[in-house]
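Engineer: Just so it is clear, I am handing over entry.csv, which has CSV, C-alpha atoms.
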chain,number,residue,atom,x,y,z
A,1,MET,CA,-32.7,66.1,-34.6
A,2,ASP,CA,-31.7,67.8,-37.8
A,3,SER,CA,-28.1,68.0,-38.6
A,4,ARG,CA,-26.3,71.4,-38.6
A,5,LYS,CA,-24.9,72.0,-42.1
A,6,TYR,CA,-21.2,73.0,-42.6
A,7,VAL,CA,-19.1,74.0,-45.5
A,8,LEU,CA,-15.4,74.4,-45.8
A,9,VAL,CA,-13.6,77.1,-47.7
A,10,GLY,CA,-9.9,76.4,-48.0
A,11,THR,CA,-8.8,72.8,-48.0
A,12,GLY,CA,-5.1,73.0,-47.1
A,13,ALA,CA,-3.3,71.6,-44.1
A,14,ARG,CA,-5.3,73.5,-41.5
A,15,VAL,CA,-8.6,72.1,-42.5
A,16,SER,CA,-7.9,68.5,-41.6
A,17,MET,CA,-8.9,68.9,-38.0
A,18,PHE,CA,-12.4,70.1,-38.9
A,19,PHE,CA,-12.7,67.8,-41.9
A,20,LYS,CA,-12.0,64.6,-39.9
A,21,ALA,CA,-14.4,65.6,-37.1
A,22,LEU,CA,-17.2,66.3,-39.5
A,23,VAL,CA,-16.9,63.1,-41.5
A,24,SER,CA,-16.3,60.8,-38.6
A,25,ARG,CA,-17.1,61.5,-35.0
A,26,TYR,CA,-19.9,64.1,-35.3
A,27,THR,CA,-21.9,62.8,-38.3
A,28,GLN,CA,-25.0,62.2,-36.1
A,29,ASN,CA,-25.7,65.9,-35.6
A,30,SER,CA,-23.4,67.7,-38.1
A,31,ALA,CA,-23.1,67.4,-41.9
A,32,LEU,CA,-20.3,68.5,-44.2
A,33,VAL,CA,-22.3,69.5,-47.3
A,34,ALA,CA,-19.7,71.2,-49.6
A,35,MET,CA,-16.2,72.5,-49.9
A,36,CYS,CA,-14.6,75.3,-51.8
A,37,ASP,CA,-11.0,75.9,-52.8
A,38,THR,CA,-8.7,77.1,-55.6
A,39,SER,CA,-7.4,73.5,-56.1
A,40,GLN,CA,-9.7,70.8,-57.5
A,41,THR,CA,-6.9,68.3,-56.7
A,42,ARG,CA,-7.1,69.0,-53.0
A,43,MET,CA,-10.9,68.8,-53.0
A,44,ASP,CA,-10.8,65.5,-54.9
A,45,TRP,CA,-8.3,64.1,-52.4
A,46,HIS,CA,-10.7,65.0,-49.5
A,47,ASN,CA,-13.6,63.4,-51.4
A,48,SER,CA,-11.5,60.2,-51.9
A,49,GLN,CA,-11.0,60.1,-48.1
A,50,ILE,CA,-14.8,60.5,-47.6
A,51,LYS,CA,-15.4,57.6,-49.9
A,52,ASP,CA,-12.6,55.2,-49.2
A,53,ARG,CA,-11.9,55.8,-45.5
A,54,TYR,CA,-15.3,56.7,-44.2
A,55,ASP,CA,-17.5,54.8,-46.7
A,56,ALA,CA,-19.7,57.9,-47.4
A,57,ASP,CA,-20.7,59.7,-50.5
A,58,PRO,CA,-18.5,62.5,-51.9
A,59,ILE,CA,-19.7,66.0,-51.4
A,60,PRO,CA,-20.1,68.8,-53.9
A,61,THR,CA,-17.0,70.9,-54.7
A,62,TYR,CA,-16.8,74.5,-55.8
A,63,PHE,CA,-14.0,76.7,-57.0
A,64,ALA,CA,-13.1,79.7,-55.0
A,65,SER,CA,-14.7,82.0,-57.5
A,66,ASP,CA,-18.0,80.2,-57.0
A,67,PHE,CA,-18.1,80.7,-53.2
A,68,ASP,CA,-21.4,82.7,-53.2
A,69,GLU,CA,-22.9,80.1,-55.6
A,70,MET,CA,-22.0,77.4,-53.0
A,71,LEU,CA,-23.7,79.2,-50.2
A,72,GLU,CA,-26.9,79.7,-52.2
A,73,ALA,CA,-26.9,76.1,-53.4
A,74,VAL,CA,-26.4,74.2,-50.1
A,75,ASP,CA,-27.6,76.8,-47.6
A,76,PRO,CA,-25.2,76.0,-44.8
A,77,HIS,CA,-25.7,77.1,-41.2
A,78,THR,CA,-22.0,77.6,-40.6
A,79,VAL,CA,-19.0,78.3,-42.9
A,80,ILE,CA,-15.5,77.2,-41.7
A,81,VAL,CA,-12.8,79.4,-43.1
A,82,CYS,CA,-9.3,77.9,-43.6
A,83,THR,CA,-8.0,80.1,-46.4
A,84,PRO,CA,-4.7,82.0,-46.3
A,85,ASP,CA,-4.9,84.6,-43.5
A,86,ALA,CA,-5.1,87.8,-45.6
A,87,LEU,CA,-8.2,86.3,-47.3
A,88,HIS,CA,-10.1,85.4,-44.2
A,89,HIS,CA,-12.1,88.6,-44.2
A,90,GLU,CA,-13.5,88.1,-47.7
A,91,HIS,CA,-15.1,84.8,-46.9
A,92,ILE,CA,-16.1,85.8,-43.4
A,93,ILE,CA,-18.0,88.9,-44.6
A,94,ARG,CA,-19.6,87.1,-47.5
A,95,ALA,CA,-20.7,84.3,-45.3
A,96,LEU,CA,-22.2,86.6,-42.7
A,97,ASP,CA,-24.0,88.6,-45.4
A,98,ALA,CA,-25.5,85.3,-46.6
A,99,GLY,CA,-26.9,84.7,-43.2
A,100,CYS,CA,-24.4,82.1,-42.0
A,101,ASP,CA,-22.4,81.9,-38.8
A,102,VAL,CA,-18.6,81.5,-39.2
A,103,ILE,CA,-15.8,79.5,-37.6
A,104,THR,CA,-12.4,80.8,-38.7
A,105,GLU,CA,-8.9,79.6,-38.3
A,106,LYS,CA,-6.6,82.0,-36.5
A,107,PRO,CA,-5.7,84.8,-37.0
A,108,LEU,CA,-9.1,86.4,-37.4
A,109,THR,CA,-7.5,88.7,-40.1
A,110,THR,CA,-4.3,90.5,-40.7
A,111,ASP,CA,-4.9,94.3,-40.4
A,112,ALA,CA,-7.2,96.9,-38.8
A,113,GLU,CA,-9.0,97.8,-42.0
A,114,LYS,CA,-10.1,94.2,-42.6
A,115,LEU,CA,-11.0,93.8,-39.0
A,116,ARG,CA,-13.3,96.9,-39.1
A,117,ALA,CA,-15.0,95.4,-42.2
A,118,ILE,CA,-15.6,92.1,-40.3
A,119,PHE,CA,-17.1,93.9,-37.3
A,120,ASP,CA,-19.4,95.9,-39.6
A,121,ALA,CA,-20.6,92.7,-41.2
A,122,ILE,CA,-21.3,91.1,-37.8
A,123,GLU,CA,-23.3,94.2,-36.7
A,124,ARG,CA,-25.4,94.3,-39.9
A,125,SER,CA,-26.0,90.6,-40.2
A,126,GLY,CA,-26.6,89.7,-36.5
A,127,ARG,CA,-24.6,86.5,-37.1
A,128,GLN,CA,-21.7,85.1,-35.0
A,129,VAL,CA,-18.0,84.5,-35.6
A,130,TRP,CA,-15.8,82.2,-33.5
A,131,VAL,CA,-12.1,81.9,-33.8
A,132,ALA,CA,-10.5,78.5,-33.4
A,133,PHE,CA,-8.1,79.2,-30.6
A,134,ASN,CA,-7.5,75.6,-29.7
A,135,TYR,CA,-4.7,76.2,-27.2
A,136,ARG,CA,-7.3,77.5,-24.8
A,137,PHE,CA,-8.5,73.9,-24.4
A,138,ALA,CA,-5.1,72.3,-23.6
A,139,PRO,CA,-5.3,70.9,-20.1
A,140,ALA,CA,-2.0,72.7,-19.2
A,141,TYR,CA,-3.3,76.1,-20.1
A,142,THR,CA,-6.8,75.4,-18.6
A,143,LYS,CA,-5.2,74.5,-15.3
A,144,LEU,CA,-3.2,77.8,-15.3
A,145,ARG,CA,-6.3,79.7,-16.1
A,146,GLU,CA,-8.1,78.0,-13.2
A,147,LEU,CA,-5.4,79.0,-10.8
A,148,ILE,CA,-5.5,82.7,-11.9
A,149,ALA,CA,-9.4,82.7,-11.8
A,150,GLU,CA,-9.3,81.3,-8.3
A,151,GLY,CA,-7.1,84.2,-7.1
A,152,VAL,CA,-4.1,82.0,-6.2
A,153,ILE,CA,-1.7,84.8,-7.2
A,154,GLY,CA,-4.1,87.7,-6.7
A,155,GLN,CA,-4.4,90.4,-9.3
A,156,PRO,CA,-1.9,89.8,-12.2
A,157,LEU,CA,0.6,92.6,-12.5
A,158,ASN,CA,3.3,91.3,-14.9
A,159,VAL,CA,3.4,88.6,-17.6
A,160,ASP,CA,6.7,87.2,-18.9
A,161,PHE,CA,5.9,85.0,-21.9
A,162,SER,CA,8.4,83.3,-24.3
A,163,TRP,CA,7.4,80.9,-27.1
A,164,LEU,CA,9.9,78.7,-28.7
A,165,LEU,CA,9.7,77.3,-32.2
A,166,ASP,CA,12.3,74.7,-33.0
A,167,VAL,CA,14.6,75.4,-35.8
A,168,TYR,CA,12.7,73.2,-38.3
A,169,HIS,CA,9.2,74.4,-37.5
A,170,GLY,CA,10.5,78.0,-37.3
A,171,ALA,CA,12.1,77.7,-40.7
A,172,ASP,CA,8.8,76.5,-42.2
A,173,TYR,CA,7.3,79.9,-41.8
A,174,PHE,CA,9.9,81.4,-44.1
A,175,ARG,CA,9.5,78.7,-46.8
A,176,ARG,CA,5.9,79.2,-47.5
A,177,TRP,CA,3.4,82.0,-48.0
A,178,HIS,CA,3.5,82.9,-44.3
A,179,ARG,CA,6.8,84.7,-44.9
A,180,GLU,CA,5.0,87.4,-46.9
A,181,LYS,CA,3.7,89.9,-44.4
A,182,ALA,CA,1.0,91.0,-46.8
A,183,MET,CA,-0.4,87.4,-46.7
A,184,SER,CA,0.0,86.6,-43.0
A,185,GLY,CA,0.6,89.8,-41.1
A,186,GLY,CA,4.0,88.4,-40.1
A,187,LEU,CA,4.8,86.2,-37.2
A,188,LEU,CA,3.6,88.9,-34.7
A,189,VAL,CA,0.1,88.4,-36.1
A,190,GLN,CA,0.1,84.9,-37.7
A,191,LYS,CA,1.8,82.9,-34.9
A,192,ALA,CA,1.7,85.3,-32.0
A,193,THR,CA,-2.1,85.6,-32.2
A,194,HIS,CA,-2.2,82.3,-30.3
A,195,HIS,CA,0.1,83.6,-27.6
A,196,PHE,CA,-1.5,87.0,-27.1
A,197,ASP,CA,-4.9,85.3,-26.9
A,198,LEU,CA,-3.6,83.0,-24.2
A,199,VAL,CA,-2.4,86.0,-22.2
A,200,ASN,CA,-5.7,87.9,-22.7
A,201,TRP,CA,-7.7,84.9,-21.7
A,202,MET,CA,-5.6,83.6,-18.8
A,203,CYS,CA,-5.1,87.0,-17.1
A,204,VAL,CA,-8.7,88.2,-17.6
A,205,VAL,CA,-7.3,91.7,-18.5
A,206,ALA,CA,-7.6,91.6,-22.3
A,207,ARG,CA,-6.9,95.3,-22.7
A,208,TYR,CA,-4.2,95.8,-20.1
A,209,ASP,CA,-6.0,99.0,-19.1
A,210,ASN,CA,-5.2,98.2,-15.4
A,211,GLY,CA,-1.5,98.6,-15.8
A,212,VAL,CA,-0.5,94.9,-16.4
A,213,LEU,CA,2.8,94.7,-18.2
A,214,LEU,CA,3.6,92.0,-20.8
A,215,SER,CA,7.1,91.0,-21.9
A,216,TYR,CA,6.8,88.8,-25.0
A,217,ASN,CA,9.4,86.8,-27.0
A,218,LEU,CA,8.9,84.6,-30.0
A,219,ILE,CA,12.0,82.6,-31.0
A,220,ALA,CA,11.9,80.8,-34.3
A,221,TYR,CA,15.3,78.9,-34.1
A,222,ALA,CA,15.3,77.1,-30.8
A,223,PRO,CA,16.5,73.5,-30.3
A,224,CYS,CA,13.1,72.6,-28.7
A,225,GLU,CA,9.5,73.6,-29.1
A,226,GLY,CA,7.3,75.0,-26.3
A,227,LEU,CA,6.8,77.9,-24.0
A,228,ARG,CA,7.7,79.4,-20.7
A,229,VAL,CA,5.3,81.8,-19.0
A,230,ALA,CA,5.5,83.5,-15.6
A,231,ILE,CA,2.7,85.6,-14.2
A,232,THR,CA,3.3,87.6,-11.1
A,233,GLY,CA,0.4,89.1,-9.1
A,234,THR,CA,-0.4,90.8,-5.8
A,235,ARG,CA,-0.4,87.5,-3.8
A,236,GLY,CA,2.3,85.4,-5.6
A,237,ARG,CA,3.7,84.1,-8.8
A,238,VAL,CA,2.8,81.1,-11.1
A,239,GLU,CA,5.2,79.6,-13.7
A,240,LEU,CA,4.3,77.2,-16.5
A,241,ASP,CA,7.0,75.5,-18.5
A,242,ILE,CA,6.0,73.3,-21.5
A,243,VAL,CA,8.1,71.3,-23.9
A,244,GLU,CA,5.9,70.3,-26.8
A,245,ARG,CA,8.7,68.2,-28.4
A,246,ILE,CA,12.4,67.9,-29.0
A,247,GLU,CA,13.1,66.9,-32.5
A,248,GLN,CA,16.3,65.5,-33.8
A,249,ALA,CA,18.0,66.2,-37.1
A,250,GLU,CA,17.6,62.6,-38.3
A,251,GLU,CA,13.9,62.9,-38.0
A,252,GLN,CA,13.9,65.9,-40.2
A,253,GLN,CA,15.9,63.9,-42.8
A,254,GLU,CA,13.5,61.0,-42.6
A,255,GLY,CA,10.6,63.3,-43.6
A,256,VAL,CA,8.9,63.4,-40.2
A,257,ASN,CA,6.2,66.1,-40.1
A,258,LEU,CA,7.6,68.8,-37.8
A,259,GLY,CA,4.8,71.3,-38.2
A,260,ALA,CA,2.2,72.1,-35.6
A,261,SER,CA,1.8,70.1,-32.3
A,262,LYS,CA,0.3,66.7,-33.2
A,263,GLY,CA,-0.2,65.2,-29.8
A,264,ALA,CA,0.5,65.3,-26.1
A,265,PHE,CA,3.2,67.6,-24.8
A,266,ASP,CA,6.5,66.0,-23.9
A,267,THR,CA,6.6,67.7,-20.5
A,268,ASN,CA,4.4,70.0,-18.4
A,269,TYR,CA,5.6,71.8,-15.3
A,270,LEU,CA,3.4,74.1,-13.2
A,271,ARG,CA,4.5,75.7,-10.0
A,272,VAL,CA,2.9,78.3,-7.7
A,273,TYR,CA,5.0,80.6,-5.5
A,274,PRO,CA,2.7,82.2,-2.9
A,275,GLN,CA,3.8,85.3,-1.0
A,276,PHE,CA,5.1,84.3,2.4
A,277,ALA,CA,4.5,80.6,1.9
A,278,PRO,CA,6.4,77.6,0.5
A,279,PRO,CA,6.1,77.0,-3.3
A,280,TYR,CA,4.2,73.9,-4.6
A,281,GLU,CA,3.7,72.1,-7.8
A,282,VAL,CA,0.3,71.6,-9.4
A,283,GLU,CA,-0.6,68.4,-11.3
A,284,ILE,CA,-1.6,68.7,-14.9
A,285,LEU,CA,-3.7,65.9,-16.5
A,286,ARG,CA,-2.1,64.6,-19.6
A,287,GLY,CA,-4.0,65.7,-22.7
A,288,GLU,CA,-4.2,63.3,-25.7
A,289,GLY,CA,-4.7,64.6,-29.2
A,290,GLY,CA,-3.3,67.6,-31.1
A,291,HIS,CA,-1.9,70.7,-29.4
A,292,GLY,CA,-1.5,69.0,-26.0
A,293,GLY,CA,-5.0,67.5,-26.0
A,294,ALA,CA,-6.6,70.8,-27.0
A,295,ASP,CA,-8.0,69.8,-30.4
A,296,PRO,CA,-10.5,67.1,-29.4
A,297,LEU,CA,-11.9,69.3,-26.6
A,298,MET,CA,-12.4,72.3,-28.9
A,299,LEU,CA,-14.0,70.1,-31.5
A,300,GLN,CA,-16.4,68.8,-28.9
A,301,GLN,CA,-17.4,72.3,-28.0
A,302,ILE,CA,-18.0,73.2,-31.7
A,303,PHE,CA,-19.7,70.1,-33.0
A,304,ALA,CA,-21.2,68.1,-30.1
A,305,PRO,CA,-25.0,68.6,-29.6
A,306,ASP,CA,-24.6,68.9,-25.8
A,307,PRO,CA,-21.0,69.9,-25.0
A,308,PRO,CA,-19.8,70.1,-21.4
A,309,PRO,CA,-20.3,73.5,-19.8
A,310,ASP,CA,-17.5,76.0,-20.8
A,311,LEU,CA,-17.0,77.3,-17.3
A,312,LEU,CA,-13.7,79.1,-18.2
A,313,GLY,CA,-15.0,80.8,-21.3
A,314,ARG,CA,-12.7,79.0,-23.8
A,315,ASN,CA,-14.9,79.5,-26.8
A,316,ALA,CA,-13.4,82.6,-28.5
A,317,THR,CA,-15.5,85.2,-30.2
A,318,HIS,CA,-14.6,87.8,-32.8
A,319,ILE,CA,-13.8,90.2,-30.0
A,320,ASP,CA,-11.2,87.8,-28.6
A,321,GLY,CA,-9.8,87.4,-32.2
A,322,ALA,CA,-9.5,91.1,-32.6
A,323,ALA,CA,-7.8,91.6,-29.2
A,324,SER,CA,-5.1,89.0,-30.1
A,325,ILE,CA,-4.3,90.3,-33.6
A,326,MET,CA,-4.3,94.0,-32.6
A,327,LEU,CA,-1.3,93.4,-30.3
A,328,GLY,CA,0.7,92.0,-33.3
A,329,ILE,CA,-0.6,94.7,-35.7
A,330,ALA,CA,0.5,97.4,-33.2
A,331,ALA,CA,3.9,95.8,-32.7
A,332,ASN,CA,4.4,95.8,-36.5
A,333,ARG,CA,3.5,99.5,-36.6
A,334,SER,CA,5.9,100.2,-33.8
A,335,ILE,CA,8.7,98.4,-35.6
A,336,VAL,CA,8.1,100.6,-38.7
A,337,THR,CA,7.8,103.9,-36.8
A,338,GLY,CA,10.1,103.3,-33.9
A,339,GLN,CA,7.4,104.8,-31.6
A,340,PRO,CA,5.0,103.4,-29.1
A,341,VAL,CA,1.6,102.6,-30.5
A,342,VAL,CA,-1.8,103.0,-28.7
A,343,ILE,CA,-4.1,100.2,-30.0
A,344,ASP,CA,-7.2,102.3,-29.6
A,345,ASP,CA,-5.7,104.7,-32.2
A,346,LEU,CA,-5.7,101.8,-34.7
A,347,PHE,CA,-8.9,100.0,-33.7
A,348,PRO,CA,-10.9,100.8,-30.6
A,349,LEU,CA,-11.8,97.4,-29.0
A,350,PRO,CA,-15.1,96.9,-27.3
A,351,ARG,CA,-15.1,97.1,-23.5
A,352,GLY,CA,-17.0,95.1,-21.1
Transcribe the structure of this file into C-alpha cells.
Structural biologist:
Amino acid sequence: MDSRKYVLVGTGARVSMFFKALVSRYTQNSALVAMCDTSQTRMDWHNSQIKDRYDADPIPTYFASDFDEMLEAVDPHTVIVCTPDALHHEHIIRALDAGCDVITEKPLTTDAEKLRAIFDAIERSGRQVWVAFNYRFAPAYTKLRELIAEGVIGQPLNVDFSWLLDVYHGADYFRRWHREKAMSGGLLVQKATHHFDLVNWMCVVARYDNGVLLSYNLIAYAPCEGLRVAITGTRGRVELDIVERIEQAEEQQEGVNLGASKGAFDTNYLRVYPQFAPPYEVEILRGEGGHGGADPLMLQQIFAPDPPPDLLGRNATHIDGAASIMLGIAANRSIVTGQPVVIDDLFPLPRG
C-alpha cells in the first residue's frame, strides 16, 4: 500500500501533534515529506528530532516564500496548515489550487472575506478541507453527543455554555500574537471556535434556525480550567461539568507548561435530568492523551488506513469550520456596532 504524502506549513507549537503522529505511529501508511516555515531554526529542530529520536532521515525544508515550490517538488496528497490564524486562508487556497487536500488547525480563518475565498477555492478545485476540532473526539463530549442523538432530552431548546481558562493560560493569549485581533480574530474566533463547534455538533442544530438559544461565556482569568454546559430540551436536561486541571502558582514559577490541555481531564461529571423522573449520572470513560483523550482518537481518524467508523460525525469539514467562526465574527461585529447581527448577512452558510 502506497503511503499518503503530507507536508507541514507552520512548525510552531500547534504542529507537534501532527508531526509526532506522522514520524512515529503512522509511518506504515503515511509519509511526512517536507515542511515549510519562516524559521529555519524551528525546521532544523524538527529534523533533529526525526534523526535523533526516530532514527529516520531528515526531510526537505522550505522557507514560507517557497511554499508553491515545495508543493511542486514533493507533490503531496495533503497539506497540514499550522500557520498563524490570519494566514490560514493563503496556504489553504494555494494548496487546493495545486490539487491537494488540506487539514487545518482551528480556526478555519478569521473573517468572512477570507472564508468566502476558501469556499470558492474548494468549489473550483474539487478538493477537501478538514478542520482539526479535536475536542469532538474527547470521550466526555462524545458521551454527551450520544445522549442528545439518542433523544434523551428531546429536542434541544436552550444551551448554557461557559468555558474557563485559568489565569495563567488566559494570560498567555495576551502575551503573544493572539492578542492582535487582526492576526487571530480575537478570542471570540480563535478560542471560541472550539466551543461554538461543540455546540453546533452536539445539538445537531448548527444554524439555530429552529429557535434554539445559546448563552455563552468565555472567562480568561479563572482559578481552574474547564467548562460547564447545560442543554435543556423538550424531555429533560443534561449537564456536563469538566475540570481539565487546577494549577498552582508554584507550578507556574517552576516553568510548568500551562498551555493547552496535555492529558486526561482532572474530573468529568455528566448528569441527566429527565422530565418527571429521577435524575441519574452517566459514566464517562477516562480518555488518555491530549485534550481529555481527544488527540489520539482524532489522529487515528486522520492517519490510520482503516479507522473505526465515525458514527457521530466527528470529522469536521470546512462547513463546520465556517459555522463555528461565523458566530465569533458576528459577535465581534455586534460589539463594534452595538446591534444584533444576522450571520447570513455576513456569510450565508450552506444548509442541509
Engineer: As an exercise, work out the distance from CA of Asn268 (chain A) to CA of Arg245 (chain A) in Å and give it to one decimal place.
Structural biologist: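 Between these atoms lies a distance of 11.0 Å.
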Engineer: One decimal, Å: what's the distance from CA of Gly290 (chain A) over to CA of Phe137 (chain A), could you say?
Structural biologist: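 So the answer is 10.6 Å.
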Engineer: Considering all atoms listed in the file, state which residue in the set A:Asp44, A:Glu69, A:Glu90, A:Asp75 is at the smallest distance from Ala117 (chain A).
Structural biologist: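 Distance minimum relative to Ala117 (chain A) lands on A:Glu90.
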Engineer: Excluding Asp97 (chain A) and any residue of its chain fewer than 2 positions from it, enumerate the residues within 10 Å of it, using all atoms listed in the file, and give them as a ChimeraX atom specification.
Structural biologist: /A:91-95,99-101,121-122,124-127
Engineer: Residues of the last selection are to be written out with C-alpha atoms, as a compact mmCIF listing (two decimals), in the frame of the given file.
Structural biologist:
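Done, and the output landed in part_15.txt:
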# COMPACT_ATOMS: atom_id res chain seq x y z
CA HIS A 91 -15.10 84.80 -46.90
CA ILE A 92 -16.10 85.80 -43.40
CA ILE A 93 -18.00 88.90 -44.60
CA ARG A 94 -19.60 87.10 -47.50
CA ALA A 95 -20.70 84.30 -45.30
CA GLY A 99 -26.90 84.70 -43.20
CA CYS A 100 -24.40 82.10 -42.00
CA ASP A 101 -22.40 81.90 -38.80
CA ALA A 121 -20.60 92.70 -41.20
CA ILE A 122 -21.30 91.10 -37.80
CA ARG A 124 -25.40 94.30 -39.90
CA SER A 125 -26.00 90.60 -40.20
CA GLY A 126 -26.60 89.70 -36.50
CA ARG A 127 -24.60 86.50 -37.10
Engineer: Calculated over only C-alpha atoms, which of the candidates A:Pro223, A:Gly263, A:Gly170, A:Pro296 has the smallest distance to Lys20 (chain A)?
Structural biologist: A:Pro296
Engineer: To one decimal place, how far is CA of Leu87 (chain A) from CA of Thr110 (chain A) in Å?
Structural biologist: 8.7 Å
